file target_27.txt (compact mmCIF, C-alpha atoms and all ligand atoms)
# COMPACT_ATOMS: atom_id res chain seq x y z
CA MET A 26 0.00 0.00 0.00
CA PHE A 27 2.98 2.33 0.43
CA GLN A 28 4.34 1.81 -3.08
CA THR A 29 2.15 4.29 -4.90
CA ASP A 30 1.02 7.82 -4.30
CA THR A 31 -2.58 7.38 -3.22
CA GLY A 32 -3.35 11.03 -3.71
CA GLY A 33 -4.94 10.81 -0.26
CA ASN A 34 -3.25 11.03 3.13
CA ILE A 35 -0.05 9.27 2.12
CA LYS A 36 2.38 11.25 0.00
CA ARG A 37 5.20 9.41 -1.68
CA LEU A 38 8.64 10.83 -0.90
CA PRO A 39 10.72 12.21 -3.81
CA SER A 40 12.83 9.56 -5.53
CA GLU A 41 16.18 11.02 -4.37
CA THR A 42 14.97 10.85 -0.76
CA ARG A 43 13.89 7.25 -1.25
CA VAL A 44 17.32 6.39 -2.68
CA PHE A 45 19.00 8.11 0.29
CA LEU A 46 16.88 6.20 2.82
CA THR A 47 17.37 2.90 0.99
CA THR A 48 21.14 3.46 1.13
CA LEU A 49 20.93 4.11 4.86
CA MET A 50 19.02 0.87 5.31
CA LYS A 51 21.74 -1.06 3.46
CA GLN A 52 24.46 0.37 5.72
CA GLY A 53 22.60 -0.26 9.00
CA GLY A 54 21.50 3.34 9.51
CA PRO A 55 22.99 6.81 9.06
CA ALA A 56 26.80 6.98 9.24
CA PRO A 57 28.25 10.18 10.79
CA ASP A 58 28.56 11.74 7.31
CA ASP A 59 24.81 11.29 6.82
CA TYR A 60 23.70 12.82 10.15
CA LEU A 61 23.17 16.34 8.84
CA GLU A 62 21.14 15.28 5.81
CA PHE A 63 19.13 12.67 7.69
CA THR A 64 18.33 15.04 10.56
CA HIS A 65 17.33 17.77 8.11
CA LEU A 66 15.04 15.31 6.33
CA VAL A 67 13.38 14.19 9.57
CA ASN A 68 13.03 17.70 10.96
CA ASN A 69 11.27 18.83 7.79
CA LEU A 70 9.18 15.75 7.08
CA GLY A 71 5.51 16.58 6.56
CA SER A 72 2.91 14.43 8.30
CA GLU A 73 1.54 13.35 4.90
CA SER A 74 4.92 11.66 4.12
CA LEU A 75 5.35 9.99 7.50
CA ASP A 76 3.83 6.64 6.51
CA ASP A 77 5.96 6.41 3.37
CA PHE A 78 9.07 7.33 5.37
CA ARG A 79 8.35 4.69 8.00
CA ALA A 80 7.59 2.07 5.33
CA ILE A 81 11.04 2.56 3.78
CA ILE A 82 12.84 2.24 7.13
CA ALA A 83 10.43 -0.43 8.45
CA ASP A 84 13.19 -3.01 9.11
CA ALA A 85 14.85 -0.52 11.49
CA LEU A 86 11.60 0.13 13.35
CA THR A 87 11.83 -3.18 15.18
CA GLU A 88 13.30 -4.21 18.51
CA ASN A 89 16.68 -4.65 16.80
CA THR A 90 17.34 -0.92 17.19
CA LEU A 91 16.84 1.63 19.96
CA ILE A 92 14.62 3.82 17.77
CA GLY A 93 12.64 0.69 16.88
CA HIS A 94 12.32 -0.39 20.50
CA ALA A 95 10.86 3.01 21.33
CA TYR A 96 8.57 2.73 18.29
CA VAL A 97 7.33 -0.80 19.08
CA LYS A 98 6.88 -0.05 22.83
CA PRO A 99 7.03 -3.68 24.02
CA PHE A 100 6.03 -2.61 27.56
CA GLY A 101 3.17 -0.50 26.29
CA TYR A 102 4.77 2.95 26.68
CA PRO A 103 7.86 4.76 25.36
CA GLY A 104 10.85 5.39 27.65
CA ASP A 105 10.67 2.01 29.40
CA PHE A 106 13.41 0.79 31.73
CA THR A 107 15.23 -1.19 29.03
CA ILE A 108 15.74 1.74 26.69
CA ILE A 109 16.87 3.94 29.59
CA ARG A 110 19.29 1.22 30.73
CA ASN A 111 20.59 0.92 27.16
CA ILE A 112 21.11 4.69 26.93
CA TYR A 113 23.16 4.57 30.15
CA GLN A 114 25.18 1.61 28.85
CA GLU A 115 25.66 3.30 25.45
CA HIS A 116 24.44 0.05 23.96
CA VAL A 117 24.91 -0.45 20.20
CA ASN A 118 23.59 -3.53 18.43
CA PRO A 119 26.74 -5.24 17.06
CA ASP A 120 24.76 -6.57 14.05
CA LYS A 121 25.89 -4.56 11.01
CA ARG A 122 22.34 -4.38 9.69
CA PHE A 123 21.42 -2.14 12.65
CA HIS A 124 24.54 -0.74 14.34
CA ASN A 125 24.53 2.67 12.65
CA TRP A 126 20.95 3.29 13.83
CA ASP A 127 22.05 2.78 17.44
CA ARG A 128 25.20 4.87 17.02
CA PHE A 129 23.06 7.66 15.61
CA PHE A 130 20.58 7.39 18.50
CA GLN A 131 23.33 7.40 21.14
CA ASP A 132 24.92 10.46 19.51
CA GLN A 133 21.74 12.53 19.91
CA ALA A 134 21.56 15.42 22.36
CA GLY A 135 18.51 13.72 23.91
CA ALA A 136 20.48 10.56 24.78
CA ASN A 137 23.40 12.61 26.10
CA ALA A 138 21.04 14.65 28.25
CA VAL A 139 19.64 11.45 29.77
CA ARG A 140 23.18 10.38 30.70
CA ASN A 141 23.87 13.88 32.05
CA ARG A 142 20.79 13.81 34.25
CA LYS A 143 22.06 10.65 35.94
CA GLN A 144 25.23 12.56 36.75
CA TYR A 145 23.10 15.41 38.12
CA PHE A 146 21.29 12.94 40.38
CA LEU A 147 24.60 11.52 41.68
CA GLU A 148 25.84 15.03 42.51
CA HIS A 149 22.64 15.83 44.41
CA CYS A 150 22.90 12.64 46.44
CA GLU A 151 26.45 13.65 47.36
CA LEU A 152 25.26 17.13 48.34
CA LEU A 153 22.54 15.62 50.49
CA GLU A 154 25.03 13.40 52.26
CA LYS A 155 27.26 16.44 52.92
CA LYS A 156 24.31 18.25 54.55
CA ASN A 157 24.39 15.29 56.91
CA PRO A 158 20.73 14.90 57.93
CA GLU A 159 20.03 12.28 60.59
CA ASN A 160 18.60 9.52 58.34
CA PRO A 161 19.00 10.76 54.76
CA SER A 162 16.13 9.55 52.66
CA VAL A 163 15.45 9.84 48.94
CA LEU A 164 12.18 9.11 47.16
CA ILE A 165 12.38 8.41 43.41
CA LEU A 166 9.23 8.74 41.33
CA GLY A 167 9.35 6.65 38.11
CA SER A 168 12.58 4.88 39.06
CA GLY A 169 12.94 2.70 35.90
CA PRO A 170 16.11 0.57 35.89
CA ALA A 171 17.50 2.42 38.97
CA THR A 172 20.94 2.47 37.37
CA ASP A 173 21.41 5.88 39.02
CA VAL A 174 20.86 4.37 42.48
CA HIS A 175 23.13 1.45 41.69
CA GLU A 176 25.89 3.76 40.54
CA TYR A 177 25.58 5.94 43.64
CA LEU A 178 25.64 3.08 46.14
CA ALA A 179 28.41 1.23 44.28
CA THR A 180 30.63 4.34 44.35
CA HIS A 181 29.65 5.41 47.90
CA PRO A 182 29.92 2.24 49.98
CA ASP A 183 29.60 4.28 53.21
CA SER A 184 26.41 6.02 52.10
CA ARG A 185 23.72 6.37 54.76
CA ILE A 186 20.96 7.22 52.28
CA HIS A 187 17.81 5.11 52.16
CA PHE A 188 16.19 5.06 48.73
CA CYS A 189 12.50 4.49 48.16
CA LEU A 190 11.72 3.60 44.53
CA ILE A 191 8.31 3.91 42.89
CA ASP A 192 7.46 2.55 39.44
CA PHE A 193 4.20 1.21 38.03
CA ASP A 194 5.93 -1.36 35.79
CA GLN A 195 6.63 -4.67 37.52
CA HIS A 196 9.35 -5.43 34.93
CA ALA A 197 11.15 -2.22 35.88
CA ILE A 198 10.82 -3.02 39.58
CA ASP A 199 12.12 -6.58 39.06
CA PHE A 200 15.10 -5.30 37.09
CA ALA A 201 15.88 -2.53 39.60
CA GLU A 202 15.60 -4.99 42.52
CA GLN A 203 17.92 -7.49 40.89
CA GLN A 204 20.40 -4.79 39.88
CA ASN A 205 20.51 -3.42 43.43
CA SER A 206 20.22 -6.68 45.39
CA GLU A 207 23.70 -6.23 46.93
CA PHE A 208 22.51 -3.09 48.76
CA GLY A 209 19.88 -4.88 50.87
CA ASP A 210 17.70 -2.64 53.01
CA SER A 211 19.15 0.59 51.62
CA VAL A 212 16.67 0.35 48.75
CA LYS A 213 12.92 -0.30 48.97
CA TYR A 214 10.64 -0.87 45.97
CA PHE A 215 6.97 -0.09 45.45
CA ARG A 216 5.08 -1.09 42.33
CA ILE A 217 2.35 1.51 42.14
CA ASN A 218 1.23 4.47 40.07
CA VAL A 219 2.86 7.64 41.42
CA LEU A 220 -0.53 9.36 41.20
CA ARG A 221 -1.87 6.91 43.79
CA TYR A 222 1.13 6.21 46.04
CA LYS A 223 0.78 7.52 49.59
CA PRO A 224 4.15 8.06 51.30
CA THR A 225 4.33 6.93 54.91
CA LYS A 226 7.45 8.90 55.80
CA MET A 227 9.23 12.19 55.06
CA PHE A 228 12.12 12.63 52.60
CA ASP A 229 15.15 14.92 52.25
CA LEU A 230 15.17 14.62 48.47
CA ILE A 231 12.37 13.70 46.09
CA TRP A 232 13.74 13.05 42.61
CA SER A 233 11.97 12.41 39.36
CA ALA A 234 13.48 12.35 35.87
CA GLY A 235 11.85 11.07 32.69
CA LEU A 236 8.37 11.08 34.16
CA PHE A 237 6.88 14.57 34.40
CA ASP A 238 7.53 15.14 30.66
CA TYR A 239 4.62 12.73 30.15
CA PHE A 240 2.25 14.71 32.37
CA LYS A 241 -0.01 17.50 31.21
CA GLU A 242 0.00 20.68 33.35
CA LYS A 243 -2.90 19.54 35.54
CA HIS A 244 -1.21 16.31 36.63
CA PHE A 245 2.17 18.02 36.92
CA ALA A 246 0.74 20.55 39.40
CA TYR A 247 -1.20 17.82 41.22
CA MET A 248 1.99 15.81 41.69
CA ILE A 249 3.93 18.77 43.09
CA ASN A 250 1.16 19.53 45.51
CA LYS A 251 0.83 15.88 46.54
CA TYR A 252 4.53 15.17 47.19
CA TYR A 253 5.81 18.55 48.41
CA LYS A 254 4.17 17.89 51.78
CA PHE A 255 6.49 14.91 52.28
CA LEU A 256 9.69 16.96 52.19
CA ASN A 257 11.62 17.42 55.42
CA LYS A 258 12.66 20.95 56.35
CA ASP A 259 15.46 22.06 54.03
CA GLY A 260 14.50 19.21 51.68
CA GLU A 261 14.27 19.47 47.91
CA PHE A 262 11.95 18.15 45.22
CA ILE A 263 13.83 17.98 41.89
CA ILE A 264 11.88 17.30 38.72
CA GLY A 265 13.58 16.75 35.35
CA ASN A 266 11.81 17.85 32.19
CA PHE A 267 13.04 18.11 28.61
CA SER A 268 13.48 21.71 27.48
CA LEU A 269 11.87 23.32 24.46
CA ASN A 270 15.42 23.45 23.07
CA ASN A 271 15.72 19.68 22.74
CA PRO A 272 17.19 19.19 19.23
CA THR A 273 16.15 15.52 19.33
CA LYS A 274 12.42 16.27 19.77
CA ARG A 275 11.37 15.77 16.15
CA LEU A 276 13.62 12.71 15.71
CA MET A 277 11.93 11.06 18.68
CA GLU A 278 8.48 11.88 17.31
CA VAL A 279 9.12 10.86 13.69
CA LEU A 280 11.33 7.82 14.25
CA SER A 281 9.79 6.44 17.41
CA ASP A 282 6.34 7.98 17.83
CA TRP A 283 7.69 9.20 21.18
CA TYR A 284 5.98 12.39 22.33
CA LEU A 285 6.97 14.39 25.40
CA ASN A 286 5.72 17.65 26.86
CA HIS A 287 8.77 19.86 26.37
CA ARG A 288 8.81 22.88 28.69
CA SER A 289 10.64 26.16 29.16
CA LYS A 290 12.10 27.44 32.41
CA HIS A 291 9.06 29.73 32.71
CA ASP A 292 6.62 26.87 32.12
CA LEU A 293 8.22 25.00 35.02
CA ILE A 294 8.16 28.01 37.35
CA ASN A 295 4.52 28.67 36.44
CA VAL A 296 3.37 25.12 37.08
CA ALA A 297 5.10 25.11 40.49
CA MET A 298 3.41 28.40 41.39
CA GLU A 299 0.06 27.00 40.20
CA ALA A 300 0.65 24.13 42.63
CA GLY A 301 0.86 26.69 45.42
CA ILE A 302 4.64 26.92 45.89
CA ALA A 303 6.00 30.34 46.88
CA GLU A 304 8.23 31.86 44.19
CA GLU A 305 11.23 32.18 46.52
CA ASN A 306 11.28 28.39 46.94
CA ILE A 307 11.41 27.68 43.21
CA SER A 308 14.41 27.61 40.89
CA VAL A 309 15.31 25.98 37.59
CA ASP A 310 18.65 24.45 36.70
CA MET A 311 19.87 22.39 33.71
CA GLU A 312 22.43 19.77 32.77
CA ALA A 313 25.47 20.74 30.69
CA LEU A 314 23.65 20.65 27.32
CA GLY A 315 20.64 22.64 28.52
CA VAL A 316 18.42 19.93 27.02
CA ASN A 317 17.13 18.58 30.33
CA LEU A 318 15.88 21.19 32.79
CA PHE A 319 15.48 20.59 36.51
CA LEU A 320 12.75 22.27 38.50
CA HIS A 321 13.87 22.65 42.14
CA ILE A 322 11.30 23.14 44.87
CA ARG A 323 12.68 23.78 48.33
CA GLN A 324 11.03 23.20 51.65
CA PRO A 325 12.36 26.11 53.74
CA GLY A 326 14.54 25.17 56.72
C1 LIG B 401 11.88 7.26 31.24
S1 LIG B 401 11.89 6.17 32.63
C2 LIG B 401 12.98 7.05 33.71
C3 LIG B 401 13.66 6.15 34.69
C4 LIG B 401 14.60 6.84 35.69
N1 LIG B 401 13.95 7.91 36.42
C5 LIG B 401 15.85 7.39 35.00
O1 LIG B 401 15.87 8.58 34.68
O2 LIG B 401 16.76 6.60 34.81
C6 LIG B 401 10.29 6.45 33.33
C7 LIG B 401 9.83 5.38 34.29
O3 LIG B 401 8.63 5.87 34.90
C8 LIG B 401 7.69 4.82 35.01
N2 LIG B 401 6.36 5.43 35.05
C9 LIG B 401 5.74 6.11 34.05
N3 LIG B 401 4.56 6.57 34.48
C10 LIG B 401 4.42 6.18 35.77
C11 LIG B 401 3.40 6.35 36.75
N4 LIG B 401 2.30 7.03 36.49
N5 LIG B 401 3.60 5.81 37.98
C12 LIG B 401 4.74 5.11 38.27
N6 LIG B 401 5.73 4.92 37.37
C13 LIG B 401 5.57 5.45 36.14
C14 LIG B 401 7.96 3.93 33.82
O4 LIG B 401 7.55 2.60 34.08
C15 LIG B 401 9.48 4.06 33.64
O5 LIG B 401 10.16 3.02 34.30
call {"tool": "encode", "arguments": {"input": "target_27.txt", "output": "structure tokens", "more": "lines below"}}
Ligand SMILES: C[S@@+](CC[C@H](N)C(=O)[O-])C[C@H]1O[C@@H](n2cnc3c(N)ncnc32)[C@H](O)[C@@H]1O
result
Amino acid sequence: MFQTDTGGNIKRLPSETRVFLTTLMKQGGPAPDDYLEFTHLVNNLGSESLDDFRAIIADALTENTLIGHAYVKPFGYPGDFTIIRNIYQEHVNPDKRFHNWDRFFQDQAGANAVRNRKQYFLEHCELLEKKNPENPSVLILGSGPATDVHEYLATHPDSRIHFCLIDFDQHAIDFAEQQNSEFGDSVKYFRINVLRYKPTKMFDLIWSAGLFDYFKEKHFAYMINKYYKFLNKDGEFIIGNFSLNNPTKRLMEVLSDWYLNHRSKHDLINVAMEAGIAEENISVDMEALGVNLFLHIRQPG
């Protein structure tokens, strides 16, 4: 059905574009020399050509590639724990039919920002430990593979932090639990929707990355309001959200049908104020690329 111009919703791509894409398919995805042209093509692709585009690269839109994994959504949603784990591990399928697709994906600003936000988390756990609260406790909303927790505890064997991990995907919880089994009681796991979870204790840091980008404003504000109450004095709620400046936005949408609510610094400040937080307790920071923003909400000391 994709071979001819139907004259309806599906528009056939120009022949030179088809030749270019077919060449990419033969070489397992875009090589570095192709990045500019391929990105330009994707960023300017009209919705009427999307089906034709996806039909030509169909063999890459399978679980053999990272873009394909995100497109297929084997766990029912994009951004599942396996793709996040693979971003952290800089995984590239060694099979030549697919390896350039994964190299291209891992080279994107979006993937680098995900790795940078893990670093940001590690630094904030260190800062917390330096503040030296009595029983440092961290709540993580949408914990995924919990590679961040693993890395922190593995590199800080004397850490006193207790981590409480919330994720609604049992597969993610199972993976996180197995990955962190050596840390025993330092990590607790709860399989539940963050919208429904009711904390039973207070926390010094509440962290969430890769979750609020999926929420519309109403749920974003609801979540701030719900969890802010569980911050100890001098505690912080840090929420990661992709910025409007994410150069990988269109690639994620076109290649993987992966849509996020990108937000500006002002959007984040506004939503926190809508949730009833005083302006002096709100700030916004970013990782090195400025692609992932971090909304900070402080509980005054
Ligand atoms: C993109 S991953 C981020 C994982 C981790 N925070 C990181 O940055 O490495 C998002 C995780 O949030 C979980 N998630 C999404 N919506 C959720 C919800 N409403 N309640 C609980 N977990 C949720 C998903 O299962 C997934 O594991």
call {"tool": "residues_near_ligand", "arguments": {"input": "target_27.txt", "ligand": "ligand LIG 401 (chain B)", "cutoff": "6 Å", "atoms": "only C-alpha atoms and all ligand atoms", "output": "MDAnalysis selection string"}}
result
chainID A and resid 104:106 109 167:169 171 191:194 197 217:220 233:236
call {"tool": "closest_residue", "arguments": {"input": "target_27.txt", "among": "A:His321, A:His94, A:Arg221, A:Arg128", "to": "Met248 (chain A)", "atoms": "only C-alpha atoms"}}
result
A:Arg221
call {"tool": "atom_distance", "arguments": {"input": "target_27.txt", "atom1": "CA of Asn270 (chain A)", "atom2": "CA of Gly135 (chain A)"}}
result
10.2 Å
call {"tool": "residues_around", "arguments": {"input": "target_27.txt", "residues": "Thr273 (chain A)", "least_positions_apart": "5", "cutoff": "12 Å", "atoms": "all atoms listed in the file", "output": "PyMOL selection string"}}
result
chain A and resi 64-65+67-68+92+129-139+267-268+278-281+283-285+287+316-317
call {"tool": "closest_residue", "arguments": {"input": "target_27.txt", "among": "A:Lys223, A:Arg37, A:Lys258, A:Lys274", "to": "Ser72 (chain A)", "atoms": "only C-alpha atoms"}}
result
A:Arg37
call {"tool": "atom_distance", "arguments": {"input": "target_27.txt", "atom1": "CA of Glu261 (chain A)", "atom2": "CA of His196 (chain A)"}}
result
28.5 Å
call {"tool": "closest_residue", "arguments": {"input": "target_27.txt", "among": "A:Asp229, A:Glu242, A:Glu305, A:Glu312", "to": "Asn157 (chain A)", "atoms": "all atoms listed in the file"}}
result
A:Asp229
call {"tool": "residues_near_point", "arguments": {"input": "target_27.txt", "point": "(30.0, 3.8, 49.3)", "cutoff": "12 Å", "atoms": "only C-alpha atoms", "output": "list in words"}}
result
Cys150, Glu151, Glu154, Val174, His175, Glu176, Tyr177, Leu178, Ala179, Thr180, His181, Pro182, Asp183, Ser184, Arg185, Ile186, Phe208 and Ser211 of chain A
call {"tool": "residues_around", "arguments": {"input": "target_27.txt", "residues": "Arg288 (chain A)", "least_positions_apart": "5", "cutoff": "12 Å", "atoms": "all atoms listed in the file", "output": "ChimeraX atom specification"}}
result
/A:237-242,245,264-271,274,293-296,309,315-320
call {"tool": "atom_distance", "arguments": {"input": "target_27.txt", "atom1": "CA of Lys251 (chain A)", "atom2": "CA of Ala300 (chain A)"}}
result
9.1 Å
call {"tool": "closest_residue", "arguments": {"input": "target_27.txt", "among": "A:Ile198, A:Ala313, A:Cys189, A:Ile322", "to": "Tyr253 (chain A)", "atoms": "all atoms listed in the file"}}
result
A:Ile322
call {"tool": "closest_residue", "arguments": {"input": "target_27.txt", "among": "A:Ile165, A:Ala201, A:Leu49, A:Leu66", "to": "Arg110 (chain A)", "atoms": "only C-alpha atoms"}}
result
A:Ala201
call {"tool": "residues_around", "arguments": {"input": "target_27.txt", "residues": "Trp126 (chain A)", "least_positions_apart": "3", "cutoff": "12 Å", "atoms": "all atoms listed in the file", "output": "VMD selection string"}}
result
chain A and resid 49 to 57 59 to 60 63 82 84 to 94 116 to 123 129 to 133 280
call {"tool": "closest_residue", "arguments": {"input": "target_27.txt", "among": "A:Ile263, A:Pro99, A:His149, A:Leu75", "to": "Leu166 (chain A)", "atoms": "all atoms listed in the file"}}
result
A:Ile263
